[in-house]
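Asker: As input, take upload07.cif (mmCIF, C-alpha atoms):
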data_upload
loop_
_atom_site.group_PDB
_atom_site.id
_atom_site.type_symbol
_atom_site.label_atom_id
_atom_site.label_comp_id
_atom_site.auth_asym_id
_atom_site.auth_seq_id
_atom_site.Cartn_x
_atom_site.Cartn_y
_atom_site.Cartn_z
ATOM 1 C CA MET A 1 0.000 0.000 0.000
ATOM 2 C CA ALA A 2 1.365 3.427 -1.012
ATOM 3 C CA ASN A 3 1.200 5.810 1.946
ATOM 4 C CA THR A 4 -0.152 9.210 0.956
ATOM 5 C CA ASN A 5 0.029 12.298 3.155
ATOM 6 C CA PHE A 6 -3.748 12.136 3.487
ATOM 7 C CA ASP A 7 -3.643 8.507 4.654
ATOM 8 C CA ILE A 8 -0.975 9.326 7.234
ATOM 9 C CA GLU A 9 -2.982 12.320 8.439
ATOM 10 C CA VAL A 10 -6.079 10.132 8.855
ATOM 11 C CA ALA A 11 -4.123 7.276 10.436
ATOM 12 C CA ASN A 12 -2.267 9.333 13.040
ATOM 13 C CA PRO A 13 -5.256 10.004 15.386
ATOM 14 C CA TYR A 14 -6.017 6.259 15.487
ATOM 15 C CA ALA A 15 -2.402 5.436 16.344
ATOM 16 C CA GLU A 16 -2.523 8.162 18.988
ATOM 17 C CA ALA A 17 -5.754 6.740 20.417
ATOM 18 C CA LEU A 18 -4.236 3.254 20.748
ATOM 19 C CA PHE A 19 -1.119 4.688 22.368
ATOM 20 C CA ASN A 20 -3.181 6.704 24.863
ATOM 21 C CA SER A 21 -5.234 3.620 25.762
ATOM 22 C CA ILE A 22 -2.056 1.692 26.536
ATOM 23 C CA LEU A 23 -0.613 4.675 28.393
ATOM 24 C CA GLN A 24 -3.659 4.898 30.675
ATOM 25 C CA LEU A 25 -3.416 1.191 31.484
ATOM 26 C CA TYR A 26 0.326 1.570 32.016
ATOM 27 C CA MET A 27 -0.246 4.250 34.655
ATOM 28 C CA LYS A 28 -3.109 2.314 36.235
ATOM 29 C CA GLU A 29 -0.972 -0.828 36.611
ATOM 30 C CA GLY A 30 1.890 0.940 38.362
ATOM 31 C CA TYR A 31 4.069 1.991 35.438
ATOM 32 C CA LYS A 32 4.974 -1.507 34.274
ATOM 33 C CA ASN A 33 6.365 -1.651 30.734
ATOM 34 C CA LYS A 34 4.890 -5.107 30.117
ATOM 35 C CA ILE A 35 1.658 -3.716 28.640
ATOM 36 C CA PHE A 36 3.642 -1.716 26.066
ATOM 37 C CA PHE A 37 5.769 -4.677 25.029
ATOM 38 C CA GLU A 38 2.730 -6.966 24.753
ATOM 39 C CA THR A 39 1.013 -4.516 22.419
ATOM 40 C CA LEU A 40 4.206 -3.981 20.438
ATOM 41 C CA LEU A 41 4.454 -7.722 19.838
ATOM 42 C CA ASP A 42 0.806 -7.799 18.765
ATOM 43 C CA ALA A 43 1.368 -4.946 16.317
ATOM 44 C CA GLU A 44 4.479 -6.560 14.846
ATOM 45 C CA TYR A 45 2.641 -9.877 14.548
ATOM 46 C CA ILE A 46 -0.210 -8.243 12.603
ATOM 47 C CA LEU A 47 2.141 -6.431 10.225
ATOM 48 C CA LYS A 48 4.143 -9.597 9.603
ATOM 49 C CA LEU A 49 0.937 -11.563 9.019
ATOM 50 C CA LEU A 50 -0.356 -9.070 6.471
ATOM 51 C CA SER A 51 2.947 -8.915 4.608
ATOM 52 C CA SER A 52 3.179 -12.714 4.411
ATOM 53 C CA SER A 53 -0.522 -13.413 3.722
ATOM 54 C CA PRO A 54 -1.812 -11.393 0.747
ATOM 55 C CA VAL A 55 -5.174 -13.175 0.959
ATOM 56 C CA VAL A 56 -5.771 -11.928 4.507
ATOM 57 C CA GLU A 57 -4.559 -8.460 3.580
ATOM 58 C CA ASN A 58 -6.841 -8.267 0.539
ATOM 59 C CA CYS A 59 -9.859 -9.454 2.542
ATOM 60 C CA LEU A 60 -9.358 -6.726 5.132
ATOM 61 C CA MET A 61 -8.877 -4.055 2.474
ATOM 62 C CA GLU A 62 -11.799 -5.162 0.284
ATOM 63 C CA THR A 63 -14.783 -2.867 0.816
ATOM 64 C CA SER A 64 -17.272 -5.423 -0.534
ATOM 65 C CA ILE A 65 -16.540 -7.850 2.328
ATOM 66 C CA LYS A 66 -18.862 -7.408 5.304
ATOM 67 C CA ASP A 67 -17.543 -6.077 8.601
ATOM 68 C CA GLU A 68 -18.593 -9.201 10.481
ATOM 69 C CA ASP A 69 -16.625 -11.349 8.052
ATOM 70 C CA LYS A 70 -13.563 -9.165 8.559
ATOM 71 C CA LYS A 71 -13.902 -9.535 12.325
ATOM 72 C CA ARG A 72 -14.082 -13.299 11.962
ATOM 73 C CA ILE A 73 -10.948 -13.236 9.826
ATOM 74 C CA LEU A 74 -9.128 -11.267 12.507
ATOM 75 C CA GLU A 75 -10.362 -13.601 15.221
ATOM 76 C CA THR A 76 -9.096 -16.576 13.230
ATOM 77 C CA CYS A 77 -5.709 -14.924 12.800
ATOM 78 C CA PHE A 78 -5.349 -14.574 16.565
ATOM 79 C CA SER A 79 -6.857 -17.943 17.484
ATOM 80 C CA SER A 80 -3.524 -19.762 17.289
ATOM 81 C CA ARG A 81 -1.594 -17.028 19.090
ATOM 82 C CA LYS A 82 -1.360 -17.039 22.870
ATOM 83 C CA ASN A 83 -1.452 -13.965 25.111
ATOM 84 C CA THR A 84 -2.880 -11.536 22.582
ATOM 85 C CA ASN A 85 -3.728 -8.321 24.390
ATOM 86 C CA SER A 86 -7.471 -7.615 24.619
ATOM 87 C CA ILE A 87 -6.813 -3.950 23.805
ATOM 88 C CA THR A 88 -5.288 -5.011 20.488
ATOM 89 C CA LYS A 89 -8.354 -7.075 19.576
ATOM 90 C CA ASP A 90 -10.741 -4.309 20.624
ATOM 91 C CA PHE A 91 -8.767 -1.773 18.614
ATOM 92 C CA LEU A 92 -8.898 -3.867 15.444
ATOM 93 C CA THR A 93 -12.637 -4.373 15.875
ATOM 94 C CA TYR A 94 -12.983 -0.623 16.324
ATOM 95 C CA LEU A 95 -11.107 -0.007 13.061
ATOM 96 C CA VAL A 96 -13.434 -2.380 11.234
ATOM 97 C CA ASP A 97 -16.497 -0.579 12.629
ATOM 98 C CA LYS A 98 -15.038 2.795 11.627
ATOM 99 C CA LYS A 99 -14.204 1.548 8.109
ATOM 100 C CA ARG A 100 -10.516 2.261 8.741
ATOM 101 C CA ILE A 101 -9.102 -1.251 8.852
ATOM 102 C CA ASP A 102 -7.656 -0.539 5.393
ATOM 103 C CA LEU A 103 -5.214 1.846 7.107
ATOM 104 C CA ILE A 104 -3.925 -0.755 9.555
ATOM 105 C CA GLU A 105 -0.543 -1.007 7.804
ATOM 106 C CA ILE A 106 -0.089 2.746 8.280
ATOM 107 C CA ILE A 107 -1.579 3.040 11.764
ATOM 108 C CA LEU A 108 0.485 0.317 13.426
ATOM 109 C CA PRO A 109 3.956 1.566 12.350
ATOM 110 C CA ILE A 110 3.023 5.021 13.668
ATOM 111 C CA PHE A 111 1.915 3.443 16.946
ATOM 112 C CA ILE A 112 5.099 1.361 17.178
ATOM 113 C CA LYS A 113 7.233 4.491 16.687
ATOM 114 C CA LYS A 114 5.303 6.315 19.445
ATOM 115 C CA VAL A 115 5.906 3.437 21.865
ATOM 116 C CA GLU A 116 9.578 3.145 20.954
ATOM 117 C CA ASP A 117 10.055 6.872 21.538
ATOM 118 C CA PHE A 118 8.178 6.695 24.848
ATOM 119 C CA LEU A 119 10.244 3.754 26.131
ATOM 120 C CA SER A 120 13.471 5.188 24.677
ATOM 121 C CA ILE A 121 14.252 1.908 22.956
ATOM 122 C CA GLN A 122 17.669 1.765 21.332
ATOM 123 C CA PHE A 123 18.050 -0.788 18.542
ATOM 124 C CA VAL A 124 21.323 -2.665 18.222
ATOM 125 C CA GLU A 125 22.209 -5.187 15.518
ATOM 126 C CA VAL A 126 25.133 -7.538 16.083
ATOM 127 C CA TYR A 127 26.588 -9.221 12.986
ATOM 128 C CA SER A 128 28.814 -12.265 13.345
ATOM 129 C CA ALA A 129 30.357 -14.695 10.881
ATOM 130 C CA TYR A 130 28.751 -17.659 12.635
ATOM 131 C CA PRO A 131 25.678 -18.190 14.864
ATOM 132 C CA LEU A 132 26.277 -17.253 18.501
ATOM 133 C CA ASN A 133 25.078 -19.506 21.301
ATOM 134 C CA TYR A 134 22.872 -18.281 24.138
ATOM 135 C CA LEU A 135 25.711 -17.591 26.596
ATOM 136 C CA GLN A 136 27.664 -15.640 23.984
ATOM 137 C CA GLN A 137 24.587 -13.576 23.168
ATOM 138 C CA GLN A 138 23.986 -12.831 26.858
ATOM 139 C CA ARG A 139 27.585 -11.691 27.400
ATOM 140 C CA ILE A 140 27.408 -9.435 24.346
ATOM 141 C CA PHE A 141 24.043 -8.062 25.482
ATOM 142 C CA LYS A 142 25.422 -7.106 28.904
ATOM 143 C CA SER A 143 28.495 -5.502 27.360
ATOM 144 C CA LEU A 144 26.424 -3.537 24.868
ATOM 145 C CA LYS A 145 24.009 -2.351 27.537
ATOM 146 C CA SER A 146 26.901 -1.105 29.620
ATOM 147 C CA LEU A 147 28.565 0.492 26.581
ATOM 148 C CA VAL A 148 25.497 2.207 25.159
ATOM 149 C CA TYR A 149 24.084 3.427 28.468
ATOM 150 C CA SER A 150 27.142 3.704 30.712
ATOM 151 C CA GLU A 151 26.564 7.311 31.769
ATOM 152 C CA LEU A 152 22.814 6.905 32.136
ATOM 153 C CA LEU A 153 23.072 3.699 34.147
ATOM 154 C CA ILE A 154 25.642 5.143 36.542
ATOM 155 C CA SER A 155 23.286 7.997 37.389
ATOM 156 C CA GLN A 156 20.435 5.512 37.975
ATOM 157 C CA ILE A 157 18.051 8.295 37.011
ATOM 158 C CA TYR A 158 16.993 6.948 33.668
ATOM 159 C CA SER A 159 16.917 3.367 32.481
ATOM 160 C CA PRO A 160 16.062 3.085 28.762
ATOM 161 C CA GLN A 161 15.474 -0.177 26.907
ATOM 162 C CA ILE A 162 17.865 -1.890 24.542
ATOM 163 C CA CYS A 163 16.738 -4.275 21.812
ATOM 164 C CA VAL A 164 19.487 -6.466 20.359
ATOM 165 C CA LYS A 165 19.103 -8.524 17.200
ATOM 166 C CA PHE A 166 21.768 -11.055 16.261
ATOM 167 C CA ARG A 167 22.377 -11.563 12.554
ATOM 168 C CA ILE A 168 24.780 -13.540 10.376
ATOM 169 C CA ASN A 169 27.185 -11.905 7.940
ATOM 170 C CA SER A 170 29.127 -14.594 6.078
ATOM 171 C CA GLU A 171 31.531 -11.975 4.697
ATOM 172 C CA LEU A 172 33.067 -11.450 8.140
ATOM 173 C CA LEU A 173 36.204 -13.499 8.768
ATOM 174 C CA GLY A 174 35.632 -13.388 12.514
ATOM 175 C CA GLY A 175 34.724 -11.020 15.307
ATOM 176 C CA LEU A 176 31.683 -8.761 15.289
ATOM 177 C CA THR A 177 30.182 -5.739 13.616
ATOM 178 C CA VAL A 178 27.784 -3.762 15.811
ATOM 179 C CA LYS A 179 25.202 -1.305 14.534
ATOM 180 C CA VAL A 180 23.694 1.080 17.100
ATOM 181 C CA ASN A 181 20.810 2.873 15.416
ATOM 182 C CA SER A 182 22.611 4.154 12.293
ATOM 183 C CA LYS A 183 26.190 3.995 13.605
ATOM 184 C CA TYR A 184 28.538 1.055 13.018
ATOM 185 C CA ILE A 185 31.241 -0.280 15.337
ATOM 186 C CA ASP A 186 33.460 -2.647 13.368
ATOM 187 C CA LEU A 187 35.151 -5.234 15.629
ATOM 188 C CA SER A 188 35.620 -7.815 12.889
ATOM 189 C CA LEU A 189 38.821 -9.578 11.922
ATOM 190 C CA ARG A 190 38.400 -8.275 8.378
ATOM 191 C CA LYS A 191 38.505 -4.696 9.679
ATOM 192 C CA LYS A 192 41.600 -5.430 11.799
ATOM 193 C CA LEU A 193 43.375 -6.956 8.784
ATOM 194 C CA GLN A 194 42.365 -4.010 6.628
ATOM 195 C CA THR A 195 43.720 -1.573 9.198
ATOM 196 C CA LEU A 196 46.963 -3.566 9.470
ATOM 197 C CA SER A 197 47.302 -3.600 5.688
ATOM 198 C CA GLU A 198 46.775 0.163 5.477
ATOM 199 C CA ASP A 199 49.351 0.758 8.214
ATOM 200 C CA MET A 200 51.881 -1.414 6.396
ATOM 201 C CA GLU A 201 51.260 0.372 3.099
ATOM 202 C CA LYS A 202 51.893 3.720 4.770
ATOM 203 C CA LYS A 203 55.211 2.481 6.142
ATOM 204 C CA TRP A 204 56.273 0.990 2.804
ATOM 205 C CA PHE A 205 55.398 3.958 0.599
ATOM 206 C CA GLU A 206 56.205 6.905 2.838
#
As structure tokens, what does this structure read like?

Answerer:
Amino acid sequence: MANTNFDIEVANPYAEALFNSILQLYMKEGYKNKIFFETLLDAEYILKLLSSSPVVENCLMETSIKDEDKKRILETCFSSRKNTNSITKDFLTYLVDKKRIDLIEIILPIFIKKVEDFLSIQFVEVYSAYPLNYLQQQRIFKSLKSLVYSELLISQIYSPQICVKFRINSELLGGLTVKVNSKYIDLSLRKKLQTLSEDMEKKWFE
């Protein structure tokens, strides 16, 4: 779906409404982040489902299909998924009733961005030449958390979230490449060899 400025303008109040609903529950339940993460997972699940299931996507977008049928489709989509937040289900039903379910793929990314900004989530991608086991991932996670938030954690005033995704890059000879938001930290063997080679060239041709 091509996102027009008009679609985004229409979608934003719905994303804001969902965010405010979660925010109210968050405050009511003693400022526990769990409600935000549950809804984030729901939103990501829906977007992934729509991108991988064109039939479901087309049914929800098709104006000739009755609202009740669309609700049944949504219910079926969530039937095999445990722990789906009731707010998520109610929100999707609300979009169907308001004839705005066709904007779901615009509304949810806006909502996700609002939640990420609110929770101050920092996204880190770790690339390695080979798959890392659980213990290796945990050690890297702790090191990254300390590295990224060292000053903030020492003050103990502010504790943001860190989301780490581990990926494979077969071009690496060894070591790691870390991407924090849009910045790269190259700890790979390839980078070390390249640096060594450049240093040697400087010495040879000076």

Asker: Given the file shown, determine the residues that the PyMOL selection byres ((chain A and resi 131) around 9) selects; report them as a ChimeraX atom specification.

Answerer: /A:128-130,132-133,166-168

Asker: Mind running region 35-140 of chain A against region 3-26 of chain A at 7 Å and telling me each contacting residue's nearest atom pair with the distance in Å (one decimal), counting all atoms listed in the file, chain and number ascending, as a Markdown table?

Answerer:
| residue | atom | partner | partner_atom | distance |
| --- | --- | --- | --- | --- |
| A:Ile35 | CA | A:Tyr26 | CA | 6.4 |
| A:Phe36 | CA | A:Ile22 | CA | 6.7 |
| A:Leu103 | CA | A:Ala11 | CA | 6.5 |
| A:Ile106 | CA | A:Ala11 | CA | 6.4 |
| A:Ile107 | CA | A:Ala11 | CA | 5.1 |
| A:Leu108 | CA | A:Ala15 | CA | 6.6 |
| A:Ile110 | CA | A:Ala15 | CA | 6.1 |
| A:Phe111 | CA | A:Ala15 | CA | 4.8 |

Asker: Just the number, please: distance in Å from CA of Thr177 (chain A) to CA of Tyr127 (chain A), one decimal.

Answerer: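 Here the two named atoms are 5.0 Å from each other.
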
Asker: List as a PyMOL selection string the residues having at least one atom at most 10 Å from position (34.1, -17.4, 11.2) as given in the file, counting only C-alpha atoms.

Answerer: chain A and resi 128-131+169-176+188-189

Asker: Mind telling me what the PyMOL selection byres ((chain A and resi 57-70) around 12) catches here, as a VMD selection string?

Answerer: chain A and resid 1 46 to 56 71 to 77 92 to 105

Asker: Would you mind reading off the distance between CA of Ser79 (chain A) and CA of Phe37 (chain A), one decimal, in Å?

Answerer: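 Separation of CA of Ser79 (chain A) and CA of Phe37 (chain A): 19.8 Å.
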